[in-house]
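What's in query-v2.cif: mmCIF, C-alpha atoms
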```cif
data_input
loop_
_atom_site.label_atom_id
_atom_site.label_comp_id
_atom_site.auth_asym_id
_atom_site.auth_seq_id
_atom_site.Cartn_x
_atom_site.Cartn_y
_atom_site.Cartn_z
CA MET K 9 -24.02 -24.98 -8.56
CA ILE K 10 -20.90 -23.77 -6.80
CA GLY K 11 -17.50 -22.81 -8.16
CA ILE K 12 -14.18 -23.90 -6.68
CA HIS K 13 -10.80 -22.38 -7.39
CA ASP K 14 -8.60 -25.47 -7.61
CA ARG K 15 -5.29 -24.77 -5.88
CA PRO K 16 -3.55 -28.08 -5.09
CA GLY K 17 -2.45 -28.34 -1.48
CA SER K 18 -5.13 -25.92 -0.26
CA PHE K 19 -8.67 -26.35 1.09
CA SER K 20 -9.82 -26.94 -2.49
CA ASP K 21 -8.50 -30.53 -2.39
CA ARG K 22 -11.08 -31.58 0.20
CA TRP K 23 -13.81 -29.33 -1.22
CA ILE K 24 -13.56 -31.12 -4.56
CA LEU K 25 -13.43 -34.54 -2.89
CA TYR K 26 -16.47 -33.73 -0.73
CA CYS K 27 -18.54 -32.46 -3.67
CA THR K 28 -17.59 -35.48 -5.77
CA ASP K 29 -18.48 -37.95 -3.01
CA LYS K 30 -21.77 -36.22 -2.11
CA GLY K 31 -22.88 -35.53 -5.68
CA ILE K 32 -22.88 -31.76 -5.16
CA PRO K 33 -22.71 -29.99 -8.54
CA PHE K 34 -19.62 -27.82 -8.91
CA ARG K 35 -17.26 -26.53 -11.53
CA ARG K 36 -13.69 -25.35 -11.39
CA VAL K 37 -13.20 -21.60 -11.69
CA ASN K 38 -9.93 -19.78 -12.26
CA CYS K 39 -10.19 -16.80 -9.94
CA LEU K 40 -6.94 -15.38 -11.32
CA ALA K 41 -8.32 -15.17 -14.88
CA THR K 42 -9.33 -11.88 -16.44
CA ASP K 43 -12.80 -13.31 -17.18
CA VAL K 44 -13.46 -14.63 -13.66
CA VAL K 45 -16.68 -12.60 -13.35
CA LEU K 46 -17.98 -14.18 -16.56
CA GLN K 47 -16.92 -17.64 -15.36
CA CYS K 48 -19.03 -17.15 -12.23
CA LYS K 49 -22.22 -16.31 -14.10
CA GLY K 50 -24.91 -18.79 -13.12
CA LEU K 51 -23.15 -19.91 -9.95
CA ASP K 52 -24.78 -19.74 -6.52
CA GLY K 53 -21.53 -19.75 -4.56
CA LEU K 54 -17.74 -19.73 -4.83
CA LEU K 55 -14.96 -21.25 -2.70
CA TRP K 56 -11.44 -19.83 -2.98
CA HIS K 57 -8.75 -20.55 -0.38
CA TRP K 58 -6.29 -17.86 -1.37
CA PRO K 59 -2.86 -17.59 0.33
CA HIS K 60 -0.90 -14.68 1.77
CA ASP K 61 2.37 -15.60 0.06
CA ASP K 62 1.43 -15.75 -3.62
CA PRO K 63 1.66 -12.36 -5.36
CA GLN K 64 -0.92 -13.30 -8.01
CA HIS K 65 -3.56 -14.04 -5.40
CA VAL K 66 -2.68 -11.12 -3.15
CA ILE K 67 -3.01 -8.62 -6.03
CA VAL K 68 -6.58 -9.56 -7.05
CA ALA K 69 -8.24 -11.64 -4.31
CA ARG K 70 -9.92 -8.90 -2.29
CA GLN K 71 -11.05 -7.07 -5.41
CA VAL K 72 -12.49 -10.17 -7.09
CA ILE K 73 -14.29 -11.28 -3.92
CA THR K 74 -15.85 -7.83 -3.47
CA ALA K 75 -17.02 -7.82 -7.10
CA LEU K 76 -18.52 -11.32 -6.87
CA GLU K 77 -20.38 -10.47 -3.68
CA MET K 78 -21.82 -7.44 -5.49
CA GLN K 79 -22.87 -9.88 -8.21
CA GLY K 80 -24.94 -11.76 -5.63
CA LEU K 81 -22.81 -14.83 -4.98
CA SER K 82 -22.26 -16.46 -1.62
CA VAL K 83 -18.46 -16.41 -1.46
CA PHE K 84 -15.93 -17.97 0.87
CA PRO K 85 -14.09 -16.10 2.14
CA ASN K 86 -16.46 -13.16 2.04
CA VAL K 87 -15.22 -9.59 2.35
CA ASN K 88 -15.80 -9.45 6.12
CA THR K 89 -13.74 -12.61 6.55
CA CYS K 90 -10.67 -11.72 4.50
CA TRP K 91 -10.18 -7.98 3.89
CA HIS K 92 -7.88 -7.83 6.95
CA PHE K 93 -6.05 -11.10 6.16
CA ASP K 94 -2.26 -10.92 6.63
CA ASP K 95 -2.50 -7.23 7.48
CA LYS K 96 -1.82 -6.61 11.18
CA ILE K 97 -2.36 -2.87 10.75
CA ALA K 98 -5.88 -3.49 9.44
CA GLN K 99 -6.48 -5.90 12.32
CA LYS K 100 -5.38 -3.30 14.90
CA TYR K 101 -7.87 -0.69 13.76
CA LEU K 102 -10.65 -3.21 13.15
CA LEU K 103 -10.36 -4.85 16.58
CA GLU K 104 -10.06 -1.48 18.33
CA SER K 105 -13.15 -0.17 16.53
CA ILE K 106 -15.37 -2.98 17.83
CA GLY K 107 -13.94 -2.94 21.36
CA ALA K 108 -12.26 -6.33 21.13
CA PRO K 109 -9.58 -7.14 23.76
CA LEU K 110 -6.58 -6.50 21.53
CA ILE K 111 -3.09 -6.55 23.02
CA PRO K 112 -2.09 -2.83 23.17
CA THR K 113 -0.67 -1.98 19.75
CA TRP K 114 0.94 1.13 18.24
CA VAL K 115 1.36 1.99 14.55
CA PHE K 116 3.22 5.02 13.22
CA THR K 117 3.49 6.22 9.63
CA ASN K 118 5.57 9.28 10.54
CA LYS K 119 9.18 8.81 11.61
CA GLY K 120 9.21 11.80 13.97
CA ASP K 121 6.08 10.63 15.78
CA ALA K 122 7.56 7.13 16.09
CA LEU K 123 10.85 8.37 17.54
CA ARG K 124 9.08 10.58 20.07
CA TRP K 125 6.95 7.63 21.19
CA ILE K 126 10.02 5.39 21.42
CA GLU K 127 11.73 7.86 23.76
CA GLY K 128 8.91 7.64 26.28
CA ALA K 129 8.00 3.96 25.94
CA ALA K 130 8.90 1.15 28.35
CA TRP K 131 10.73 -1.84 26.93
CA PRO K 132 10.66 -4.63 25.83
CA LYS K 133 8.03 -4.45 23.08
CA VAL K 134 7.23 -6.81 20.20
CA PHE K 135 8.10 -5.52 16.72
CA LYS K 136 6.10 -6.88 13.78
CA LEU K 137 5.69 -6.28 10.11
CA ARG K 138 2.08 -6.06 9.00
CA CYS K 139 2.43 -9.25 6.93
CA GLY K 140 3.87 -12.71 7.50
CA ALA K 141 2.76 -15.97 9.15
CA GLY K 142 4.23 -18.54 11.52
CA SER K 143 6.07 -15.88 13.60
CA ALA K 144 7.93 -14.65 10.54
CA ASN K 145 8.76 -10.94 10.74
CA VAL K 146 8.25 -10.89 14.53
CA ARG K 147 10.98 -10.05 17.03
CA LEU K 148 11.37 -8.90 20.61
CA VAL K 149 12.87 -5.43 21.00
CA HIS K 150 14.68 -5.17 24.34
CA SER K 151 15.80 -1.56 24.39
CA ARG K 152 15.23 1.97 23.14
CA SER K 153 18.38 1.82 21.02
CA GLN K 154 17.16 -1.31 19.23
CA ALA K 155 13.80 0.35 18.60
CA ILE K 156 15.47 3.46 17.16
CA ALA K 157 17.57 1.33 14.79
CA LEU K 158 14.44 -0.49 13.59
CA CYS K 159 12.63 2.81 13.16
CA ARG K 160 15.41 4.24 10.99
CA GLN K 161 15.35 1.11 8.82
CA ALA K 162 11.54 1.16 8.60
CA PHE K 163 11.60 4.67 7.17
CA SER K 164 14.54 4.12 4.81
CA SER K 165 15.49 0.79 3.21
CA GLY K 166 12.67 -1.13 4.88
CA PHE K 167 12.34 -4.89 5.44
CA PRO K 168 11.73 -7.78 3.06
CA ALA K 169 8.14 -9.01 3.32
CA VAL K 170 9.37 -12.59 2.86
CA ALA K 171 11.60 -13.83 5.68
CA GLY K 172 14.96 -15.39 4.78
CA TYR K 173 15.03 -18.98 3.55
CA LEU K 174 17.08 -20.15 6.54
CA THR K 175 15.18 -18.04 9.09
CA ASP K 176 13.14 -20.91 10.54
CA MET K 177 15.57 -23.75 9.94
CA GLN K 178 15.77 -24.72 13.62
CA THR K 179 12.01 -25.12 13.87
CA ARG K 180 11.87 -27.14 10.66
CA ALA K 181 14.59 -29.44 11.94
CA ARG K 182 12.89 -29.85 15.32
CA THR K 183 9.51 -30.70 13.76
CA THR K 184 10.95 -33.28 11.37
CA ARG K 185 9.45 -36.49 12.74
CA ASN K 186 11.63 -39.20 11.18
CA ALA K 187 14.43 -39.96 8.72
CA HIS K 188 12.01 -40.44 5.83
CA GLU K 189 10.56 -36.95 6.32
CA PHE K 190 14.07 -35.50 6.65
CA TRP K 191 15.12 -36.93 3.26
CA GLN K 192 11.84 -35.77 1.70
CA ARG K 193 12.47 -32.23 2.88
CA LEU K 194 16.08 -32.37 1.72
CA ALA K 195 14.99 -33.53 -1.74
CA ARG K 196 12.55 -30.61 -1.97
CA ALA K 197 15.14 -28.06 -0.84
CA PRO K 198 16.45 -27.00 -4.32
CA ARG K 199 12.94 -26.51 -5.65
CA SER K 200 11.88 -24.69 -2.47
CA LEU K 201 14.92 -22.41 -2.70
CA LEU K 202 14.09 -21.45 -6.29
CA LYS K 203 10.50 -20.74 -5.31
CA PHE K 204 11.68 -18.64 -2.37
CA MET K 205 14.06 -16.60 -4.56
CA ALA K 206 11.28 -15.89 -7.08
CA LEU K 207 8.90 -14.90 -4.31
CA ARG K 208 11.50 -12.60 -2.72
CA ARG K 209 11.84 -10.79 -6.05
CA GLN K 210 8.10 -10.40 -6.56
CA MET K 211 6.93 -9.41 -3.08
CA HIS K 212 7.29 -5.78 -2.06
CA TRP K 213 9.46 -4.47 0.76
CA GLU K 214 7.79 -3.17 3.92
CA ARG K 215 8.65 0.45 4.65
CA GLY K 216 7.04 3.71 5.65
CA TYR K 217 5.55 2.51 8.93
CA ILE K 218 6.52 0.86 12.19
CA TYR K 219 4.40 -1.47 14.35
CA PHE K 220 4.88 -2.33 18.02
CA GLN K 221 2.77 -4.50 20.31
CA GLU K 222 2.90 -4.80 24.09
CA PHE K 223 5.03 -7.71 25.29
CA LEU K 224 3.07 -9.94 27.67
CA PRO K 225 5.58 -11.90 29.78
CA GLY K 226 4.86 -15.19 31.50
CA ASN K 227 3.11 -16.87 28.54
CA ALA K 228 4.61 -20.30 27.89
CA PHE K 229 2.00 -20.92 25.19
CA ASP K 230 -0.71 -19.21 23.20
CA THR K 231 -4.30 -20.36 22.72
CA ARG K 232 -5.60 -20.75 19.17
CA ILE K 233 -9.40 -20.65 18.81
CA THR K 234 -10.84 -21.22 15.34
CA ILE K 235 -14.46 -20.22 14.73
CA ILE K 236 -16.29 -21.80 11.78
CA GLY K 237 -19.93 -20.72 11.81
CA ASP K 238 -21.41 -22.06 15.06
CA ARG K 239 -18.37 -24.21 15.91
CA ALA K 240 -15.33 -23.35 18.02
CA PHE K 241 -12.16 -25.45 17.88
CA GLY K 242 -9.36 -24.89 20.36
CA PHE K 243 -5.80 -25.94 21.16
CA MET K 244 -2.68 -24.49 22.73
CA ARG K 245 0.72 -24.01 21.12
CA ALA K 246 3.82 -24.21 23.29
CA ASN K 247 6.52 -21.62 22.73
CA ARG K 248 9.58 -22.47 20.69
CA PRO K 249 12.59 -23.46 22.83
CA ASN K 250 14.18 -20.37 24.42
CA ASP K 251 11.78 -18.13 22.50
CA PHE K 252 8.72 -16.00 23.32
CA ARG K 253 6.91 -16.99 20.09
CA ALA K 254 4.46 -19.89 19.84
CA SER K 255 3.18 -19.60 16.26
CA GLY K 256 4.91 -22.09 14.01
CA SER K 257 6.45 -24.03 16.90
CA GLY K 258 4.79 -27.28 15.84
CA SER K 259 4.24 -28.16 19.52
CA ILE K 260 0.45 -28.38 19.90
CA ILE K 261 -1.46 -29.35 23.05
CA TYR K 262 -4.86 -30.91 22.34
CA ASP K 263 -6.66 -30.95 25.69
CA PRO K 264 -10.06 -29.21 25.75
CA GLU K 265 -10.02 -29.15 29.56
CA LYS K 266 -6.99 -26.84 29.50
CA ILE K 267 -8.61 -24.28 27.20
CA ASP K 268 -9.73 -21.11 28.99
CA LYS K 269 -13.41 -20.90 27.97
CA ARG K 270 -13.25 -17.10 28.05
CA CYS K 271 -11.20 -17.36 24.85
CA VAL K 272 -14.01 -19.33 23.20
CA GLU K 273 -16.64 -16.80 24.32
CA ILE K 274 -14.60 -13.82 23.13
CA ALA K 275 -13.84 -15.48 19.77
CA PHE K 276 -17.56 -16.10 19.13
CA GLN K 277 -18.46 -12.54 20.12
CA VAL K 278 -15.79 -10.93 17.94
CA ALA K 279 -16.50 -13.19 14.95
CA ASP K 280 -20.20 -12.27 15.18
CA ARG K 281 -19.42 -8.57 15.47
CA MET K 282 -17.19 -8.77 12.41
CA GLY K 283 -19.62 -10.93 10.41
CA THR K 284 -16.98 -13.51 9.52
CA GLN K 285 -17.51 -17.06 8.25
CA SER K 286 -14.33 -18.61 9.63
CA LEU K 287 -11.56 -17.02 11.64
CA SER K 288 -8.71 -18.10 13.91
CA PHE K 289 -7.76 -16.08 16.99
CA ASP K 290 -4.42 -16.15 18.81
CA PHE K 291 -4.78 -15.37 22.52
CA LEU K 292 -2.21 -14.49 25.18
CA PHE K 293 -2.86 -13.52 28.80
CA ASN K 294 -1.91 -10.22 30.41
CA GLN K 295 -0.58 -9.75 33.94
CA GLN K 296 -4.15 -9.93 35.31
CA HIS K 297 -4.66 -13.24 33.44
CA VAL K 298 -7.18 -11.66 31.08
CA PRO K 299 -7.17 -13.17 27.55
CA MET K 300 -6.02 -10.73 24.88
CA ILE K 301 -6.05 -11.10 21.09
CA GLY K 302 -2.70 -10.88 19.33
CA GLU K 303 -3.66 -11.66 15.74
CA ILE K 304 -6.49 -13.06 13.61
CA SER K 305 -6.49 -14.97 10.31
CA TYR K 306 -9.04 -16.55 8.00
CA SER K 307 -6.40 -19.04 6.77
CA TYR K 308 -4.91 -21.75 8.98
CA LYS K 309 -3.61 -25.32 8.95
CA SER K 310 -6.48 -27.70 8.25
CA LEU K 311 -4.80 -30.69 9.89
CA ALA K 312 -4.30 -28.80 13.15
CA VAL K 313 -8.02 -28.03 13.44
CA HIS K 314 -9.05 -31.53 12.35
CA ALA K 315 -6.86 -33.01 15.09
CA CYS K 316 -9.06 -31.37 17.76
CA GLU K 317 -11.06 -33.99 19.67
CA GLY K 318 -14.25 -32.03 19.13
CA HIS K 319 -15.68 -28.52 19.24
CA TRP K 320 -17.92 -26.22 21.31
CA ASP K 321 -21.15 -24.66 20.10
CA ARG K 322 -22.40 -21.20 21.04
CA GLU K 323 -23.98 -22.49 24.23
CA GLY K 324 -20.68 -23.97 25.36
CA THR K 325 -21.79 -27.54 24.72
CA TRP K 326 -19.00 -29.90 23.73
CA HIS K 327 -19.44 -32.04 20.60
CA ALA K 328 -16.95 -34.90 20.40
CA GLY K 329 -15.53 -35.97 17.06
CA HIS K 330 -13.02 -34.79 14.50
CA VAL K 331 -14.21 -32.33 11.86
CA TRP K 332 -12.49 -31.26 8.67
CA PRO K 333 -12.69 -27.46 8.58
CA GLU K 334 -13.02 -27.50 4.78
CA GLU K 335 -16.19 -29.58 5.06
CA ALA K 336 -17.67 -27.33 7.75
CA ILE K 337 -16.95 -24.26 5.59
CA LEU K 338 -18.52 -25.91 2.54
CA GLU K 339 -21.64 -26.98 4.45
CA ASP K 340 -22.08 -23.43 5.76
CA LEU K 341 -21.69 -22.00 2.25
CA LEU K 342 -24.29 -24.40 0.85
CA ALA K 343 -26.68 -23.34 3.63
CA SER K 344 -26.06 -19.70 2.68
CA CYS K 345 -26.78 -20.48 -0.97
CA ARG K 346 -30.08 -22.15 -0.04
CA GLN K 347 -31.09 -19.16 2.09
CA ARG K 348 -30.37 -16.77 -0.76
CA THR K 349 -32.42 -18.91 -3.15
CA GLN K 350 -35.36 -19.11 -0.74
CA LYS K 351 -35.23 -15.37 -0.10
CA ALA K 352 -35.17 -14.64 -3.84
CA GLY K 353 -38.11 -17.01 -4.37
CA SER K 354 -40.12 -15.36 -1.62
CA LEU K 355 -39.39 -11.93 -3.10
CA ASN K 356 -40.56 -13.05 -6.56
CA ILE K 357 -43.81 -14.45 -5.11
CA SER K 358 -44.41 -11.23 -3.18
CA VAL K 359 -43.78 -9.05 -6.23
CA GLY K 360 -45.95 -11.27 -8.43
CA SER K 361 -48.82 -11.15 -5.93
CA SER K 362 -48.71 -7.37 -5.62
CA VAL K 363 -48.65 -6.93 -9.40
CA GLY K 364 -51.56 -9.35 -9.81
#
```
Starting from the file, lay out its structure as structure tokens.
Amino acid sequence: MIGIHDRPGSFSDRWILYCTDKGIPFRRVNCLATDVVLQCKGLDGLLWHWPHDDPQHVIVARQVITALEMQGLSVFPNVNTCWHFDDKIAQKYLLESIGAPLIPTWVFTNKGDALRWIEGAAWPKVFKLRCGAGSANVRLVHSRSQAIALCRQAFSSGFPAVAGYLTDMQTRARTTRNAHEFWQRLARAPRSLLKFMALRRQMHWERGYIYFQEFLPGNAFDTRITIIGDRAFGFMRANRPNDFRASGSGSIIYDPEKIDKRCVEIAFQVADRMGTQSLSFDFLFNQQHVPMIGEISYSYKSLAVHACEGHWDREGTWHAGHVWPEEAILEDLLASCRQRTQKAGSLNISVGSSVG
């Protein structure tokens, strides 16, 4: 028996459909409830696709997942998969600690140290907040004076964690495919604006630190590799028009022959070292054309991964065919549940034999 946190519009939609179609026993669990631990009694596993932009989930997700793993459940995402989610500072120290090829990154929590570093640094650099997706809260800093201004703001009023409602309007307009979709988006605008205003009030402001990453020029696209267990899915994302950022551009290139296989190898190695179940990696190339990791995330767009023509296994063998990432994640979790059950059964037999 597995539990599923039902959040419409998330991975849970397909998890529930898959379990219903395959006759896999499951029950809905409210992971935001105060009695979530009690609700999970008797379960073998739990699936919860929690987002980065919902304060309720952000407040309790990591804590609940840690507690349920201590309880003995197989959980997706497990702690190794999600503790660093939407936290670029955590990702910096994690990737550095395991020797992963991270784009050179600097974090300062002291204003004086930051200003001294800024004086001696070469520009441009990429400024980021530790949270945000789809290139939100990311900008190119061209000069020392711009960096100083950002530093002063970072250690005073700070920055809103939620980007402005009109921040990405150009990209949304460019990725609108037809008139029908345009009118659908327009009809949703009032409701979306109200949701945005509520979220802006609830989410904290980012202050007390500043984050810079090396700017790698000459990249017209980034390479997104998504690892799910023993599967690697890959595609490239073209930069936004007249912009250095690729994330959120909506311009995806699905051609496995164009994927640099070093990215696949590195993604498998890093995912194994971290002990993650599913993780996406964003790669850029440095001046020596060596792939470097910019960011990682356990959460990603399901449709983008499903649109891949196939995937690679650990030996580099290509397997043609579209795969829903939700189904791959669920199948891996069920396998983990079976392994736990078999291990527990073997332990009980061993103990019983020794006692006898």
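Straight-line separation from atom CA of Lys269 of chain K to atom CA of Met300 of chain K: 12.9 Å.
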Closest pair table for segment 302-353 of chain K residues within 8 Å of segment 283-287 of chain K, only C-alpha atoms, as CSV:
```
residue,atom,partner,partner_atom,distance
K:Ile304,CA,K:Leu287,CA,6.7
K:Ser305,CA,K:Leu287,CA,5.6
K:Tyr306,CA,K:Leu287,CA,4.5
K:Ser307,CA,K:Leu287,CA,7.4
K:Ile337,CA,K:Ser286,CA,7.4
```
- Message: Please determine, counting only C-alpha atoms, which residue among K:Gly302, K:Gly80, K:Gly237, K:Gly17 has the shortest atom-to-atom distance to Lys96 of chain K.
- Response: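 Of the candidates, the smallest distance to Lys96 of chain K is held by K:Gly302.
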- Picked residues, the PyMOL selection byres ((chain K and resi 265) around 12), as an MDAnalysis selection string: chainID K and resid 242:244 261:264 266:269 317:320 326
- Item | Among the residues K:Thr231, K:Gln221, K:Asn88, K:Thr74, the one that comes closest to Lys100 of chain K [using only C-alpha atoms] |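 Using only C-alpha atoms, Lys100 of chain K sits closest to K:Gln221.
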- Message: As a check of understanding, name the residues that the PyMOL selection byres ((chain K and resi 86) around 10) selects in the supplied structure, as a PyMOL selection string.
- Response: chain K and resi 54-56+70+73-74+76-77+81-85+87-91+283-286
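Minimum distance to Phe19 of chain K across K:Gln47, K:Ser310, K:Gln347, K:Gln99 (counting only C-alpha atoms) occurs at K:Ser310.
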- Task: Identify which of the residues K:Gly53, K:Gly120, K:Pro59, K:Pro112 lies closest to Ala343 of chain K, counting all atoms listed in the file when measuring atom-to-atom distances.
- Result: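 Looking only at the distances to Ala343 of chain K, the closest residue turns out to be K:Gly53.
Among K:Phe34, K:Phe223, K:Phe229, K:Phe93, the residue with the shortest atom-to-atom distance to Pro132 of chain K, counting all atoms listed in the file, is K:Phe223.
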- Task: Take the point (-15.4, -25.6, 9.4) in the file's coordinates, draw a sphere of radius 8 Å around it, and report as a list in words every protein, DNA or RNA residue with an atom inside or on it, counting all atoms listed in the file.
- Result: Ile235, Ile236, Gly237, Arg239, Ser286, Val331, Trp332, Pro333, Glu334, Glu335, Ala336, Ile337, Leu338 and Asp340 of chain K
- Task: Identify which of the residues K:Val45, K:Cys345, K:Leu103, K:Ile218 lies closest to Arg160 of chain K, counting all atoms listed in the file when measuring atom-to-atom distances.
- Result: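 So, comparing all the options, the nearest one is K:Ile218.
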- Query: For the point (2.4, -6.8, 17.2) in file coordinates, what residues are within 6 Å, counting all atoms listed in the file? Give the answer as a count of residues only?
  - Reply: 5
- Item | Straight-line distance linking atom CA of Ala69 of chain K with atom CA of Arg36 of chain K, stated in Å to one decimal | 16.4 Å
- Task: Take atom CA of Ile10 of chain K and atom CA of Ile32 of chain K and report the distance between them in Å, one decimal.
- Result: 8.4 Å
- Using the chain letters and residue numbers of this document, give as number ranges by chain the residues selected by the PyMOL selection byres ((chain K and resi 217) around 6). K: 116-117, 215-216, 218
Take the selection from the previous step and output its residues with C-alpha atoms, as a short mmCIF file (atom, residue, chain, number, x, y, z; two decimals), in the frame of the given file.
```cif
data_model
loop_
_atom_site.label_atom_id
_atom_site.label_comp_id
_atom_site.auth_asym_id
_atom_site.auth_seq_id
_atom_site.Cartn_x
_atom_site.Cartn_y
_atom_site.Cartn_z
CA PHE K 116 3.22 5.02 13.22
CA THR K 117 3.49 6.22 9.63
CA ARG K 215 8.65 0.45 4.65
CA GLY K 216 7.04 3.71 5.65
CA ILE K 218 6.52 0.86 12.19
#
```
- Message: Neighbouring residues of Ile274 of chain K were defined as those with any atom within 10 Å, considering all atoms listed in the file; residues of the same chain fewer than 6 positions away were excluded. Please report them as a ChimeraX atom specification.
- Response: /K:108-109,233,280,289,291,299-301
